[in-house]
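> Before I ask anything, let me first share the structure, which is written out below as structure tokens.
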Amino acid sequence: MRALKFLAVLSLAVAFGSAAMAEGVTLKISCGAVGQELELCTEGAQAWAKETGNKVEVVSTPNSTTDRLALYQQQLAAGSSDIDVYQIDVIWPGILSDFFIDLNDYVKPDLVKQFFPRIIAANTVDGRLVALPWFTDAGLLYYRTDLLKKYGYSKPPTTWSEMEQMAAKIQAGERQAGNGSFWGFVFQGKAYEGLTCDALEWVFSHNGGTIVDKDGKITINNPNAVKAIQQAAGWVGKIAPPGVTSYQEEEARGVWQAGNAAFMRNWPYAYSLGNGKDSPIKGKFDVTVLPKGGADGQHAATLGGWQLAVSRFSKHPKEAVSLIVYLTGYDEQKRRAIKGSFLPTRPALYKDPDVLAANPFMGKLYDVFVNAVPRPSAQTKQKYNQVSSAFWTAVHNVLVGQTDAATSLRMLEMQLKRIKGRGW
Amino acid sequence: MKHKSKLAARRTRTAWFFLLPSLLVLLLVAAYPLWRTFQLSFYQVSILEFPLKPSWVGLDNYRYLLADPYWWVSLKNTGVFTVISVALETVLGLGIAMVVNARFVGRGMMRTAMLVPWAIPTVVSAQMWRWMYNDVYGVVNDLLMRAHLIAHPLAWLSDPHLALPAIIAVDVWKTTPFMALLLLAGLQSIPHELYEASTVDGASGWQQFWKITLPLLKPALLVALIFRTLDALRVFDVIYVMTGTNPTTMSMSVYARQQLVDFGALGYGSAVSMGIFLIIALFATAYLVSLRVELD
């Protein structure tokens with residue numbers, strides 16, 4: 001009797017166990033919800049679920065990067081296993097690395113080699129690969145082809161000073177022609193993460209380094225950086241609107257897409273929107289690499305983009321890794337590039353004829369993406385947020401004319417030293 | 001004599017007995033968190049570490065706090081905000097209180113209507129004002145331009161000279177009704193006969209204000225001032241919604257939140273919280289002492 005009972009329990013257990021196996025597991029993935037992001041993420045995740053017999057629930061998160069990070073920090077610090085896969089900004093691996101599994105333990109080195117090495121480097125903290133790159137971003141110079149032609153320029157500017165002169169001439173001309181609200185150049189000048197991206201481009205293009213170098217040394221207080229920031233401060237109120245010091249990406253695009261600016265610094269997303277059906281500047285603009293800081297400077301574009309990481313508290317790490325490998329795979333990235341013009345993180349896709357047919361600019365800008373400059377998040381780790389906030393504050397103080405670049409960067413260096421303390 | 005003291009002792013015991021529950025609650029919700037914050041302020045600990053690795057740093061957090069220019073900036077901003085907003089709210093609140101204390105048609109309506117700004121949640125009204133202050137489409141610039149008071153639209157919240165005054169204006173708009181309400185209660189406790197008698201003696205309205213209204217209003221005024229000052233010293237929402245963590249307007253509480261939430265610095269953030277606690281405690285004590293002197 002007892003043996004029979006035991007057998008019954010055992011067979012039940014086996015039955016349930018196999019049922020659970022057949023059912024698969026349920027994963028939760030957090031996705032951004034800007035524009036088409038959520039829709040594309042859901043489609044991709046469900047395709048994986050169908051293929052593997054698992055289930056995926058998509059959790060949408062706040063649009064603001066800062067709010068999203070604060071939410072993630074609270075969830076992860078509480079050890080919550082609610083979310084298995086996190087969509088993270090390219091600057092977060094250093095901040096959140098403790099909470100994600102090392103993907104080197106799960107994926108083959110061959111797979112990792114299929115991505116841009118620079119983006120993989122940005123996702124590697126102390127030798128641990130904490131996320132796989134999903135889509136990338138890089139700062140670009142948008143310019144009006146029609147206006148450049150009208151004012152006798154055959155090609156876009158190669159240095160910031162050249163850009164400044166062209167912007168001033170076009171601005172003066174367009175204003176005389178009756179457009180009183182025309183400006184030469186718009187960018188992201190508000191005191192937030194976007195200003196860190198823009199200012200890093202100015203500084204790096206003047207050979208002024210990356211705020212903190214690879215070895216964690218604070219390098220921002222140097223003459224080239226001072227020159228770069230001082231030059232940018234000179235734009236405000238002259239070739240850029242005074243309100244530019246409160247512009248984020250969308251404010252800049254608003255001025256640009258209305259046809260009221262000759263140049264704009266922005267991410268690639270503005271390309272397809274500018275060429276949209278109702279856009280007044282459709283077919284009248286192009287994009288190129290951002291200018292160099294003087295003749296001996298270099299072109300620079302700040303590396304942006306989003307990655308997928310697996311929480312260390314996930315109850316199903318294997319399945320979660322399988323999901324992110326699928327989502328960052330060739331076919332899924334191709335689908336996203338064609339449908340949503342998200343920039344692929346795999347070099348091979350920039351040679352894919354279908355992708356290039358849908359987005360011609362992706363082929364032309366290949367070099368820009370390969371050479372994108374990462375913000376110093378890998379070396380400053382959990383203090384990146386503090387470093388970036390100190391940097392954008394220092395730059396913003398110069399842009400609004402509260403102080404000059406030399407003083408501001410000297411104070412910034414002191415501030416960064418205090419933040420660094422005994423080490424990053 | 002002996003009997004009396006026995007009675008007194010028993011009454012004291014009973015009093016303590018009645019106080020016990022509230023003391024326990026206070027201990028639980030105020031003293032314990034304060035004690036934990038105090039303890040944490042001597043450690044370096046980040047919520048971004050897994051597992052948490054608190055390390056004892058002694059007074060390092062406090063040294064960092066005293067040396068951090070942004071702490072002093074936030075302290076200065078809080079000071080400016082408190083002094084100007086409380087002063088304006090008191091003067092305007094007193095004026096409004098005296099108006100609605102007078103008899104006129106629709107007084108009840110008026111008293112209700114004046115509370116509207118106070119009734120709107122700060123986060124909502126701050127967001128509303130942020131839109132109104134916008135340099136491109138904001139109604140504030142539009143009105144001032146139409147009135148020819150300004151020639152170009154002003155960037156109210158991004159201009160370092162205008163941002164704090166703009167925020168103070170919103171706080172004054174919002175909190176003056178509260179001040180008026182407190183002072184109205186004080187005004188209503190002044191016996192009307194005093195005004196009649198002084199009118200008979202030939203006192204002017206101005207004299208009545210200085211010799212009767214103000215001295216008799218003093219206790220109510222002092223209580224209102226304490227409330228508002230302590231409130232203003234820990235200002236957070238109106239500033240955070242309108243300008244975020246921008247140092248030109250950052251208050252002490254905004255600074256503390258940035259350290260604790262954005263940077264995940266539990267230890268240093270606790271030291272900042274202790275700093276704020278000490279400053280507010282100082283003000284509270286000063287006020288309480290002056291209030292006791294006043295009431296005695």
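By convention in this document, the chains of the structure tokens carry letters A, B, ... by their order, each chain's residues are numbered from 1, and ligands are numbered from 1 in the order they are shown.
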Show me, as a compact mmCIF listing (two decimals) with N, CA and C atoms, in the first residue's frame, the residues that have an atom within 12 Å of Met250 in chain B when counting only C-alpha atoms, minus same-chain residues fewer than 4 positions from it.


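For reference, part_12.txt as written:
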# COMPACT_ATOMS: atom_id res chain seq x y z
N TYR B 70 29.10 72.11 -4.00
CA TYR B 70 27.68 72.02 -4.34
C TYR B 70 26.79 71.93 -3.10
N TRP B 71 27.33 71.38 -2.01
CA TRP B 71 26.57 71.39 -0.75
C TRP B 71 26.36 72.83 -0.29
N TRP B 72 27.43 73.62 -0.38
CA TRP B 72 27.33 75.02 0.06
C TRP B 72 26.42 75.81 -0.87
N VAL B 73 26.50 75.48 -2.17
CA VAL B 73 25.60 76.14 -3.12
C VAL B 73 24.15 75.81 -2.78
N SER B 74 23.88 74.53 -2.48
CA SER B 74 22.51 74.14 -2.18
C SER B 74 22.05 74.77 -0.87
N LEU B 75 22.98 74.92 0.06
CA LEU B 75 22.65 75.57 1.33
C LEU B 75 22.29 77.04 1.09
N LYS B 76 23.09 77.68 0.24
CA LYS B 76 22.84 79.09 -0.08
C LYS B 76 21.50 79.24 -0.78
N ASN B 77 21.25 78.36 -1.78
CA ASN B 77 19.98 78.42 -2.50
C ASN B 77 18.80 78.25 -1.54
N THR B 78 18.94 77.27 -0.63
CA THR B 78 17.86 77.02 0.32
C THR B 78 17.64 78.25 1.20
N GLY B 79 18.75 78.87 1.62
CA GLY B 79 18.65 80.07 2.46
C GLY B 79 17.94 81.20 1.74
N VAL B 80 18.38 81.47 0.51
CA VAL B 80 17.76 82.54 -0.28
C VAL B 80 16.28 82.24 -0.48
N PHE B 81 16.00 81.00 -0.87
CA PHE B 81 14.62 80.58 -1.11
C PHE B 81 13.78 80.80 0.15
N PRO B 160 20.57 81.48 -15.41
CA PRO B 160 20.95 81.33 -14.00
C PRO B 160 20.49 82.49 -13.10
N ALA B 163 16.22 81.76 -12.75
CA ALA B 163 15.61 80.49 -12.36
C ALA B 163 15.11 80.48 -10.91
N LEU B 164 15.98 80.89 -9.97
CA LEU B 164 15.57 80.84 -8.57
C LEU B 164 14.43 81.83 -8.29
N ILE B 167 11.23 80.33 -9.46
CA ILE B 167 10.73 79.26 -8.58
C ILE B 167 10.14 79.85 -7.30
N ARG B 234 13.10 72.56 3.91
CA ARG B 234 13.22 71.23 3.31
C ARG B 234 12.54 71.18 1.94
N VAL B 235 12.46 72.31 1.27
CA VAL B 235 11.79 72.39 -0.04
C VAL B 235 12.41 71.38 -1.01
N PHE B 236 11.53 70.67 -1.71
CA PHE B 236 12.02 69.69 -2.68
C PHE B 236 11.22 69.71 -3.98
N ASP B 237 9.93 69.42 -3.89
CA ASP B 237 9.15 69.12 -5.10
C ASP B 237 9.12 70.24 -6.13
N VAL B 238 8.86 71.48 -5.68
CA VAL B 238 8.72 72.57 -6.65
C VAL B 238 10.03 72.76 -7.44
N ILE B 239 11.17 72.63 -6.73
CA ILE B 239 12.46 72.82 -7.40
C ILE B 239 12.79 71.63 -8.28
N TYR B 240 12.55 70.42 -7.76
CA TYR B 240 12.92 69.22 -8.52
C TYR B 240 12.13 69.13 -9.82
N VAL B 241 10.83 69.48 -9.76
CA VAL B 241 10.01 69.39 -10.98
C VAL B 241 10.43 70.47 -11.98
N MET B 242 10.71 71.68 -11.50
CA MET B 242 10.95 72.78 -12.43
C MET B 242 12.35 72.78 -13.01
N THR B 243 13.38 72.49 -12.24
CA THR B 243 14.74 72.57 -12.79
C THR B 243 15.60 71.36 -12.46
N GLY B 244 15.02 70.31 -11.90
CA GLY B 244 15.79 69.10 -11.63
C GLY B 244 16.95 69.35 -10.69
N THR B 245 18.13 68.78 -11.03
CA THR B 245 19.26 68.89 -10.11
C THR B 245 20.24 69.99 -10.54
N ASN B 246 19.75 70.94 -11.32
CA ASN B 246 20.60 72.05 -11.75
C ASN B 246 21.15 72.81 -10.53
N VAL B 254 17.14 68.45 -2.60
CA VAL B 254 17.41 67.99 -3.96
C VAL B 254 18.81 67.38 -4.01
N TYR B 255 19.74 68.04 -3.33
CA TYR B 255 21.12 67.55 -3.27
C TYR B 255 21.17 66.17 -2.60
N ALA B 256 20.44 66.03 -1.50
CA ALA B 256 20.44 64.75 -0.78
C ALA B 256 19.84 63.65 -1.66
N ARG B 257 18.75 63.96 -2.37
CA ARG B 257 18.12 62.96 -3.22
C ARG B 257 19.07 62.53 -4.34
N GLN B 258 19.77 63.52 -4.91
CA GLN B 258 20.70 63.18 -5.99
C GLN B 258 21.76 62.19 -5.50

> Might you pull out every residue within 12 Å of Gln75 in chain A, with only C-alpha atoms counted and same-chain residues fewer than 3 positions away left off, and present them as a PDB file with C-alpha atoms, in the first residue's frame?


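The result, stored in part-v9.pdb:
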ATOM      1  CA  SER A  30      12.118  45.378 -19.957  1.00  0.00           C
ATOM      2  CA  ARG A  68      14.865  54.368 -16.118  1.00  0.00           C
ATOM      3  CA  LEU A  69      18.231  54.014 -14.410  1.00  0.00           C
ATOM      4  CA  ALA A  70      16.747  55.050 -11.051  1.00  0.00           C
ATOM      5  CA  LEU A  71      14.024  52.408 -11.475  1.00  0.00           C
ATOM      6  CA  TYR A  72      16.515  49.694 -12.433  1.00  0.00           C
ATOM      7  CA  ALA A  78      16.336  44.998  -3.808  1.00  0.00           C
ATOM      8  CA  GLY A  79      17.438  41.715  -5.421  1.00  0.00           C
ATOM      9  CA  SER A  80      14.199  41.454  -7.355  1.00  0.00           C
ATOM     10  CA  SER A  81      13.902  38.501  -9.751  1.00  0.00           C
ATOM     11  CA  ASP A  82      10.849  40.002 -11.457  1.00  0.00           C
ATOM     12  CA  ILE A  83      12.719  41.019 -14.591  1.00  0.00           C
ATOM     13  CA  ASP A  84      15.105  38.622 -16.322  1.00  0.00           C
ATOM     14  CA  TYR A  86      17.140  44.445 -18.954  1.00  0.00           C
ATOM     15  CA  LEU A  96      25.161  48.127 -12.919  1.00  0.00           C
ATOM     16  CA  PHE A  99      23.844  42.879 -11.032  1.00  0.00           C
ATOM     17  CA  SER A 311      19.905  39.888 -14.253  1.00  0.00           C
ATOM     18  CA  PHE A 313      18.668  37.257  -9.913  1.00  0.00           C
TER      19      PHE A 313
ATOM     20  CA  ILE B  47      23.420  50.451  -3.424  1.00  0.00           C
ATOM     21  CA  LEU B  48      25.107  49.562  -6.704  1.00  0.00           C
TER      22      LEU B  48
END

> I need the residues in range 129-294 of chain A that are alpha helix (DSSP H) according to DSSP; give them as a PyMOL selection string.

chain A and resi 145-150+160-176+193-205+223-235+249-257+269-274

> Which value, in Å to one decimal, gives the distance between CA of Asp89 in chain A and CA of Ile324 in chain A?

15.0 Å

> Please determine the contact residues of chain B with respect to chain A at a cut-off of 7 Å, counting only C-alpha atoms, and supply them as a list of chain:residue names.

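Filtering chain B at 7 Å from chain A with only C-alpha atoms gives B:Ile47, B:Leu48, B:Glu49, B:Phe50, B:Ala155, B:Ser158, B:Val261, B:Asp262, B:Phe263.
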
> Using only C-alpha atoms, find each residue of range 74-118 of chain A with at least one atom at most 10 Å away from an atom of range 123-140 of chain A; report its shortest atom-to-atom pair and that distance in Å (one decimal), sort the rows by chain and rising residue number, and return the result as a tab-separated table.


residue	atom	partner	partner_atom	distance
A:Val85	CA	A:Ala131	CA	9.8
A:Tyr86	CA	A:Ala131	CA	9.1
A:Gln87	CA	A:Trp134	CA	8.6
A:Ile88	CA	A:Ala131	CA	8.2
A:Asp89	CA	A:Pro133	CA	9.6
A:Val90	CA	A:Asn123	CA	7.2
A:Ile91	CA	A:Asn123	CA	8.5
A:Trp92	CA	A:Asn123	CA	8.5
A:Pro93	CA	A:Asn123	CA	5.7
A:Gly94	CA	A:Val125	CA	6.2
A:Ile95	CA	A:Val125	CA	9.6
A:Leu96	CA	A:Val130	CA	8.9
A:Ser97	CA	A:Val130	CA	6.2
A:Asp98	CA	A:Val130	CA	8.8
A:Phe99	CA	A:Val130	CA	8.9
A:Phe100	CA	A:Val130	CA	5.8
A:Ile101	CA	A:Val130	CA	6.1
A:Asp102	CA	A:Leu129	CA	5.2
A:Leu103	CA	A:Leu129	CA	5.3
A:Asn104	CA	A:Leu129	CA	5.9
A:Asp105	CA	A:Leu129	CA	8.9
A:Val107	CA	A:Leu129	CA	9.9
A:Val112	CA	A:Leu132	CA	8.2
A:Phe115	CA	A:Pro133	CA	7.5
A:Phe116	CA	A:Pro133	CA	8.7
A:Pro117	CA	A:Asn123	CA	9.8
A:Arg118	CA	A:Asn123	CA	8.8
